[in-house]
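Heads up: the structure comes next, in structure tokens.
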4 protein chains.
Amino acid sequence: MSYNTFGHVFRVTTWGESHGPALGCTVDGCPPNVPLDEAAIQHWLDRRKPGQNRYTTQRREADAVRILSGVFEGMTTGTPIQLVIENTDQRSKDYGEIAETFRPGHADIAYWQKYGIRDYRGGGRSSARETAARVAAGGVARAALAALAPGLAITGYMTRIGTHGIEGARDMDQIDRNPFWVPSAAAAESWGAYLDELRKSGNSVGAEIEVTATGVPAGLGAPVYAKLDTDIAAALMSINAVKGVEIGEGMGAAALTGEENADEIFLGNDGTPVYASNHAGGILGGISTGQPVVARFAVKPTSSILKPRASITKSGKLTEVVTKGRHDPCVGIRAVPVAEAMIACVLLDHLLLDRAQTGGVRGPIG
Amino acid sequence: MSYNTFGHVFRVTTWGESHGPALGCTVDGCPPNVPLDEAAIQHWLDRRKPGQNRYTTQRREADAVRILSGVFEGMTTGTPIQLVIENTDQRSKDYGEIAETFRPGHADIAYWQKYGIRDYRGGGRSSARETAARVAAGGVARAALAALAPGLAITGYMTRIGTHGIEGARDMDQIDRNPFWVPSAAAAESWGAYLDELRKSGNSVGAEIEVTATGVPAGLGAPVYAKLDTDIAAALMSINAVKGVEIGEGMGAAALTGEENADEIFLGNDGTPVYASNHAGGILGGISTGQPVVARFAVKPTSSILKPRASITKSGKLTEVVTKGRHDPCVGIRAVPVAEAMIACVLLDHLLLDRAQTGGVRGPIG
Amino acid sequence: MSYNTFGHVFRVTTWGESHGPALGCTVDGCPPNVPLDEAAIQHWLDRRKPGQNRYTTQRREADAVRILSGVFEGMTTGTPIQLVIENTDQRSKDYGEIAETFRPGHADIAYWQKYGIRDYRGGGRSSARETAARVAAGGVARAALAALAPGLAITGYMTRIGTHGIEGARDMDQIDRNPFWVPSAAAAESWGAYLDELRKSGNSVGAEIEVTATGVPAGLGAPVYAKLDTDIAAALMSINAVKGVEIGEGMGAAALTGEENADEIFLGNDGTPVYASNHAGGILGGISTGQPVVARFAVKPTSSILKPRASITKSGKLTEVVTKGRHDPCVGIRAVPVAEAMIACVLLDHLLLDRAQTGGVRGPIG
Amino acid sequence: MSYNTFGHVFRVTTWGESHGPALGCTVDGCPPNVPLDEAAIQHWLDRRKPGQNRYTTQRREADAVRILSGVFEGMTTGTPIQLVIENTDQRSKDYGEIAETFRPGHADIAYWQKYGIRDYRGGGRSSARETAARVAAGGVARAALAALAPGLAITGYMTRIGTHGIEGARDMDQIDRNPFWVPSAAAAESWGAYLDELRKSGNSVGAEIEVTATGVPAGLGAPVYAKLDTDIAAALMSINAVKGVEIGEGMGAAALTGEENADEIFLGNDGTPVYASNHAGGILGGISTGQPVVARFAVKPTSSILKPRASITKSGKLTEVVTKGRHDPCVGIRAVPVAEAMIACVLLDHLLLDRAQTGGVRGPIG
């Protein structure tokens, strides 16, 4: 996990900037003989694609992925898979006036200080466009997981947008029926009104997203510095604008007693462990238990807003910034498929890593 | 960052179990010519040492560190530094009755499922004793930081224990004056009473800890998968019992608008950027800005409690678990020096990594 | 250095197969603000390009490189550099008859056994076409070295082809004047006649190549498992068909006494060390001394020959193989620019790594 | 493979200097449930132990290994294994006079230039004593290989000492019957006389060692930069004083034609491939074929000799060096068990890595 690569044995390196000719990723370590084609990857990219509704950036990108290597006659070969997505709608002129000015809350100033150079046509490498490559990599991971861990399912959904959470019970069937992937028809409606208002006022807002993975085999995670939760935390925190990551009870665990937090264990009909609760979020000591893995994270509001904010220029002058252009009022919305992709990559990585460590054999119970 | 090693170029590998003869760490990548001796490391270990007050485990460990390599005549040589701490007070008999039973909320069952073998005399590798090695490694990192980034200071403190937070203003001078490292004399008192009660009832409780690093140079962090916040998230999440990690606003960022969250930028007298606020926690786009780096995390309550909980045995029988022995009623207390150590390691790692990437040169402003 | 990536902090991941749509590499860790454009990389690719004379494969590839990321307005930005080369002349029909048969001495059978799938249209990932991506990466490394270590020069040349070595003194000015990059006009002539004969008879032949790097700063190399010679050995051995690697005296060191082998040290006019000889090949204890770094390696003869050889088929039948198609009679010739590129990458990697370790400061003499 | 660690998933980090209190290694990634105790590791250390005959250094070291972690009740647990060997016979006074002077051909000057500090009591980290830790790690690897690849056997032996090779046929039964591990009784005798003479004259000499591994499963090796031969080359080149590495035909491959070099393939009675020859040394395209893996390397003569050689001091003065003390006249002798250990580590690493990549499934033939 260094610079632009993540993963231990399933290794993904993303490359590309928001306003260059293309972006993509090199996926190394995918097992051979996994069925894979461009359509399988495109399916996931289409979920992240901008411009699908009024709540995401109006930049129009086809986000069409091409496989340049590593697949032969519809099957992976065990060699690196190169995925390329062309940038087709980068309008540099929109960004012209911010070339010299640092947007408050944006990575502009940090990149400038570190590198002394940045692609001032846009966010460059810090743009959320980089996440398209992650979603493509996640498509590869999903294909391999389908082959190696057939019952495994990964679902992301929003649980908060600004001051609005979900009231009442969650209805997971609603997730694919609204632009927020929120598991509640009522929330979808009130969130829409709330975001419309924010968008019109030129403001933006943060969000909280949760991802649940069911069917995760017990025994994934490599103590003590490649724990499954450690790698999930890193994977989610590496997504643009993320400021917090939680597993299971998350930050709320600080308020619990040991008696409350202990997930009592019983026996299922087949003699396997059954847990009475899942405060742990499916992970104990950094290793999956077989319970659903539950991760949650917070995305800060987009820093590119129409509201004027005080800032400085590269040449050291005070100024005021108003960012025009086509930006997501809530970048958290499109973070849902990105997070799913990251979780898919981490789980596959650990599945392969566990084969190396233990050969996939499990300590018996009973 | 694989298995038992963390860091990119300042690499720490910890080893050892709670009930083996010793534990320690191999620290590779420390720059040469850094003044270092055992006393400098012991200073930090003494802060984490158990048995110092009634709020931590009564296990009595000297936690005396020995340097076996990498230091010559009081200076680091650039070669691996081996640090060893002997286990002197492991009483296996305390643990005998849990050899066959899995403690709810504990890593016992996960280790068994993964490895099919575990050192049943205690928590083995999943025990909090492993963190002594981290603190030792942190001592090395602190010594190197003192040489390379003289103004840098790292301070950890508790901000919550169970249902008790801090009321009123924080008084950082109080941190070293109470057993909780809490920046409030009033909180220290009420927390003591609260924890006494919990301890006597055989229960345990979670905690929230915050670490602030001031004097961190701008430009640390390697986008996009070795971001400074990514590595901090991984470092903190890898600590035993941690369930959530936050940078700056953390999970609270989900509730903010872009207008609220933007840290406005002004100019200091010396022409460097001055920020009106620090919602970002000192990190933008994964790169430090020069503002204080602020990280926060939640520790779940110790799973070893006297309260009976339902569980199963290795042979697949239902049972009830009551864990005797000497356990921390709030393992979060001793997580404070551990977290400081992890942050020290991450900051040094990124300082060295940045020298590789940019030679330490910064893009000028003004 | 895992799977398809090499390097510690200057990391190159190559991807692509001989008969896919394209191949290329992701170069991560190049410092920012290095002047770079496609022409600078193309210069080195043109040296490796096939079909330039009758001694290399007649496959006609433009090997035109495109930079898709990491460069802005002619300067590197510190972000990953994606280089793509399209395959334009892959004629799969040439290879049709070997789809089911394993060529003796070729990686066909090993890939099949490992992966259970292979791109039977050609050598796939094991083809020498993969080395085009290495040469492109070497172009990036050369550009960075030009900026960071201006006096450094890397020169590769052949020293043996089959039974023919070099007689008489070497004339380095000849290297660029003959198709073998051999530092001898006489050798170039006799080698040409020798190889013509072998080529016409449908045979192939091995070669020995030497690379000398002058102007390498003292102090590069990270003991004890990232030694400079260790990494050079790995880099050269990873090139297709290489079977031996030597530093300085190489295998001949086995026959020397300590008295003969000791490179006596004197003082130059400027007080720096001057060596009376260079048996060490510029590296002691894995660290560069400031002397020229000298590495040598042997390339086995191309396994694709017109001479019939006994083999088996995938379905387990005995057969005889004659490989038609367009193959290099001496694949060692085109290994010269490839080896130069690998040495460039290793030297840059260690230059950057040394900045992390020591800040580039050197222990003074005198 | 960075700094002091080698291996991809079976990772060995060695630490310690020749004149510190101890040296050892951290072995991470050993599978669980492998039978292991100190005696099993000591067996291999005893082969490398100095002072066993008049041809190796007279330093008397027990080289007694202690296991500090990772083993419970005689079985590995899957957690890091810490192995420690105390230094008991370091006589610093022997080295006193060379504290300020650089030995020609020795790493002294290189370490000084790079680090600006070195343990002048001896070779420090560059001493051959570091290889004791490798042999200990190799003992762990052997134990795991015995469990995972029962038929695998690794044998090292010398094939040259200075001007003396082996005449006549090799007799592998002789290897354990002479101090040179040479497979020839006649060679053992003549080599003894030759080395006695060199030793008495205060000189030293180089050596060539070969290691053969039989029973290596087909399919090990991860193209294209973690090839099996790439990793073997790195592992052997990282041993002190090694200047050349060969696989199969090695440097001699440069002189062969394709017709000569092609290892023709036939079918065994069980339908598996049988090769008529083994020019490839058991590796094609970086992947093992199932044939014996054959690696060879050259060790330069010890640089610490009684013969006076010209050199300089740290303060920049010309001088003459005569190295007294207890040094191996042929350090290559003790390199035999070291090389076996490195090959054991590499093979286990790739066995585990292949489980991650392919699950250990092989493409069928027939």
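Labels for the structure tokens follow display order: chains A, B, ..., residues from 1 in each chain, ligands from 1.
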Excluding region 304-308 of chain C and its own-chain neighbours fewer than 6 positions away, which residues fall within 6 Å of it when counting only C-alpha atoms? Please give them as an MDAnalysis selection string. chainID C and resid 202:203 321:323
Exercise answer, chain D residues close to chain A, 8 Å and only C-alpha atoms, as a list in words: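 Residues of chain D within 8 Å of chain A, counting only C-alpha atoms: Val9, Gly29, Cys30, Pro31, Pro32, Gly78, Thr79, Pro223, Leu352, Leu353, Asp354, Arg355, Ala356, Gln357, Thr358 and Gly359 of chain D.
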Expressed in Å to a single decimal, how great is the separation between CA of Ile41 (chain C) and CA of Ala185 (chain C)?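 Taking CA of Ile41 (chain C) and CA of Ala185 (chain C), their separation equals 28.5 Å.
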Choose the residue, out of D:Ala235, D:Tyr275, D:Arg309, D:Tyr157, that has the smallest atom-to-atom separation from Gly7 (chain D); count only C-alpha atoms.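 Using only C-alpha atoms, Gly7 (chain D) sits closest to D:Ala235.
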Would you return as number ranges by chain the members of region 10-182 of chain C that DSSP assigns to strand (DSSP E) on this structure's backbone? C: 11-16, 22-28, 65-67, 71-72, 75-76, 81-86, 153-161
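Across the model, the gap from CA of Val274 (chain A) to CA of Ile232 (chain A) is 23.7 Å.
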Please list as a PyMOL selection string every residue within 10 Å of Tyr111 (chain C), counting only C-alpha atoms and excluding residues in the same chain fewer than 5 positions away. (chain A and resi 77-78) or (chain C and resi 106+116-119+123-126) or (chain D and resi 218-223+284-289+362-363)
Do a neighbour search on Pro217 (chain C) at 12 Å with only C-alpha atoms, toss out local chain neighbours closer than 6 positions, and write the hits as a PyMOL selection string. (chain C and resi 145+148-153+282-283+287-293+347-348+350-351+354+360-362) or (chain D and resi 110+113-114)
Would you save the residues from that selection as a PDB file, in the first residue's frame, using N, CA and C atoms?
```pdb
ATOM      1  N   LEU C 145      16.977  11.035 -13.661  1.00  0.00           N
ATOM      2  CA  LEU C 145      18.404  10.988 -13.325  1.00  0.00           C
ATOM      3  C   LEU C 145      19.129  12.208 -13.896  1.00  0.00           C
ATOM      4  N   LEU C 148      18.530  14.835 -11.384  1.00  0.00           N
ATOM      5  CA  LEU C 148      18.995  14.632 -10.009  1.00  0.00           C
ATOM      6  C   LEU C 148      20.466  14.239  -9.908  1.00  0.00           C
ATOM      7  N   ALA C 149      21.002  13.601 -10.935  1.00  0.00           N
ATOM      8  CA  ALA C 149      22.394  13.150 -10.905  1.00  0.00           C
ATOM      9  C   ALA C 149      23.007  13.407 -12.267  1.00  0.00           C
ATOM     10  N   PRO C 150      23.240  14.686 -12.564  1.00  0.00           N
ATOM     11  CA  PRO C 150      23.553  15.123 -13.939  1.00  0.00           C
ATOM     12  C   PRO C 150      24.718  14.376 -14.599  1.00  0.00           C
ATOM     13  N   GLY C 151      25.723  13.979 -13.841  1.00  0.00           N
ATOM     14  CA  GLY C 151      26.880  13.357 -14.471  1.00  0.00           C
ATOM     15  C   GLY C 151      26.740  11.876 -14.739  1.00  0.00           C
ATOM     16  N   LEU C 152      25.619  11.307 -14.374  1.00  0.00           N
ATOM     17  CA  LEU C 152      25.455   9.862 -14.465  1.00  0.00           C
ATOM     18  C   LEU C 152      25.190   9.419 -15.908  1.00  0.00           C
ATOM     19  N   ALA C 153      25.933   8.402 -16.371  1.00  0.00           N
ATOM     20  CA  ALA C 153      25.744   7.894 -17.731  1.00  0.00           C
ATOM     21  C   ALA C 153      25.697   6.374 -17.710  1.00  0.00           C
ATOM     22  N   GLY C 282      32.190  -1.485  -8.576  1.00  0.00           N
ATOM     23  CA  GLY C 282      31.597  -0.260  -8.053  1.00  0.00           C
ATOM     24  C   GLY C 282      30.703  -0.433  -6.847  1.00  0.00           C
ATOM     25  N   ILE C 283      30.648  -1.655  -6.300  1.00  0.00           N
ATOM     26  CA  ILE C 283      29.722  -1.914  -5.185  1.00  0.00           C
ATOM     27  C   ILE C 283      30.423  -2.729  -4.095  1.00  0.00           C
ATOM     28  N   ILE C 287      26.639  -1.376  -1.399  1.00  0.00           N
ATOM     29  CA  ILE C 287      26.548   0.086  -1.487  1.00  0.00           C
ATOM     30  C   ILE C 287      27.523   0.584  -2.558  1.00  0.00           C
ATOM     31  N   SER C 288      27.078   1.538  -3.351  1.00  0.00           N
ATOM     32  CA  SER C 288      27.951   2.084  -4.394  1.00  0.00           C
ATOM     33  C   SER C 288      29.102   2.854  -3.760  1.00  0.00           C
ATOM     34  N   THR C 289      30.266   2.789  -4.420  1.00  0.00           N
ATOM     35  CA  THR C 289      31.469   3.428  -3.873  1.00  0.00           C
ATOM     36  C   THR C 289      31.837   4.704  -4.617  1.00  0.00           C
ATOM     37  N   GLY C 290      31.161   4.955  -5.722  1.00  0.00           N
ATOM     38  CA  GLY C 290      31.536   6.077  -6.563  1.00  0.00           C
ATOM     39  C   GLY C 290      32.303   5.614  -7.800  1.00  0.00           C
ATOM     40  N   GLN C 291      32.821   4.384  -7.756  1.00  0.00           N
ATOM     41  CA  GLN C 291      33.441   3.822  -8.963  1.00  0.00           C
ATOM     42  C   GLN C 291      32.349   3.468  -9.973  1.00  0.00           C
ATOM     43  N   PRO C 292      32.725   3.232 -11.240  1.00  0.00           N
ATOM     44  CA  PRO C 292      31.708   2.792 -12.199  1.00  0.00           C
ATOM     45  C   PRO C 292      31.049   1.488 -11.753  1.00  0.00           C
ATOM     46  N   VAL C 293      29.739   1.434 -11.859  1.00  0.00           N
ATOM     47  CA  VAL C 293      28.999   0.206 -11.583  1.00  0.00           C
ATOM     48  C   VAL C 293      29.019  -0.632 -12.861  1.00  0.00           C
ATOM     49  N   LEU C 347      18.907   2.534 -10.410  1.00  0.00           N
ATOM     50  CA  LEU C 347      19.726   3.628  -9.872  1.00  0.00           C
ATOM     51  C   LEU C 347      18.858   4.778  -9.373  1.00  0.00           C
ATOM     52  N   LEU C 348      17.828   5.132 -10.139  1.00  0.00           N
ATOM     53  CA  LEU C 348      16.944   6.200  -9.670  1.00  0.00           C
ATOM     54  C   LEU C 348      16.248   5.779  -8.390  1.00  0.00           C
ATOM     55  N   HIS C 350      17.233   3.809  -6.099  1.00  0.00           N
ATOM     56  CA  HIS C 350      18.128   3.864  -4.944  1.00  0.00           C
ATOM     57  C   HIS C 350      18.540   5.293  -4.604  1.00  0.00           C
ATOM     58  N   LEU C 351      18.578   6.138  -5.593  1.00  0.00           N
ATOM     59  CA  LEU C 351      18.856   7.545  -5.316  1.00  0.00           C
ATOM     60  C   LEU C 351      17.746   8.140  -4.455  1.00  0.00           C
ATOM     61  N   ASP C 354      17.758   6.491  -0.967  1.00  0.00           N
ATOM     62  CA  ASP C 354      18.830   7.027  -0.125  1.00  0.00           C
ATOM     63  C   ASP C 354      18.444   8.390   0.453  1.00  0.00           C
ATOM     64  N   GLY C 360      20.558  12.049   1.841  1.00  0.00           N
ATOM     65  CA  GLY C 360      21.576  12.288   0.822  1.00  0.00           C
ATOM     66  C   GLY C 360      22.905  12.777   1.390  1.00  0.00           C
ATOM     67  N   VAL C 361      22.975  12.911   2.717  1.00  0.00           N
ATOM     68  CA  VAL C 361      24.232  13.356   3.352  1.00  0.00           C
ATOM     69  C   VAL C 361      25.244  12.209   3.328  1.00  0.00           C
ATOM     70  N   ARG C 362      26.506  12.499   3.095  1.00  0.00           N
ATOM     71  CA  ARG C 362      27.558  11.485   3.021  1.00  0.00           C
ATOM     72  C   ARG C 362      28.532  11.635   4.178  1.00  0.00           C
TER      73      ARG C 362
ATOM     74  N   ALA D 110      32.202   1.940   2.233  1.00  0.00           N
ATOM     75  CA  ALA D 110      30.869   2.192   1.684  1.00  0.00           C
ATOM     76  C   ALA D 110      29.872   2.532   2.790  1.00  0.00           C
ATOM     77  N   GLN D 113      30.636   6.052   4.010  1.00  0.00           N
ATOM     78  CA  GLN D 113      30.166   7.097   3.112  1.00  0.00           C
ATOM     79  C   GLN D 113      28.649   7.262   3.191  1.00  0.00           C
ATOM     80  N   LYS D 114      27.951   6.121   3.226  1.00  0.00           N
ATOM     81  CA  LYS D 114      26.490   6.204   3.245  1.00  0.00           C
ATOM     82  C   LYS D 114      25.953   6.732   4.572  1.00  0.00           C
TER      83      LYS D 114
END
```
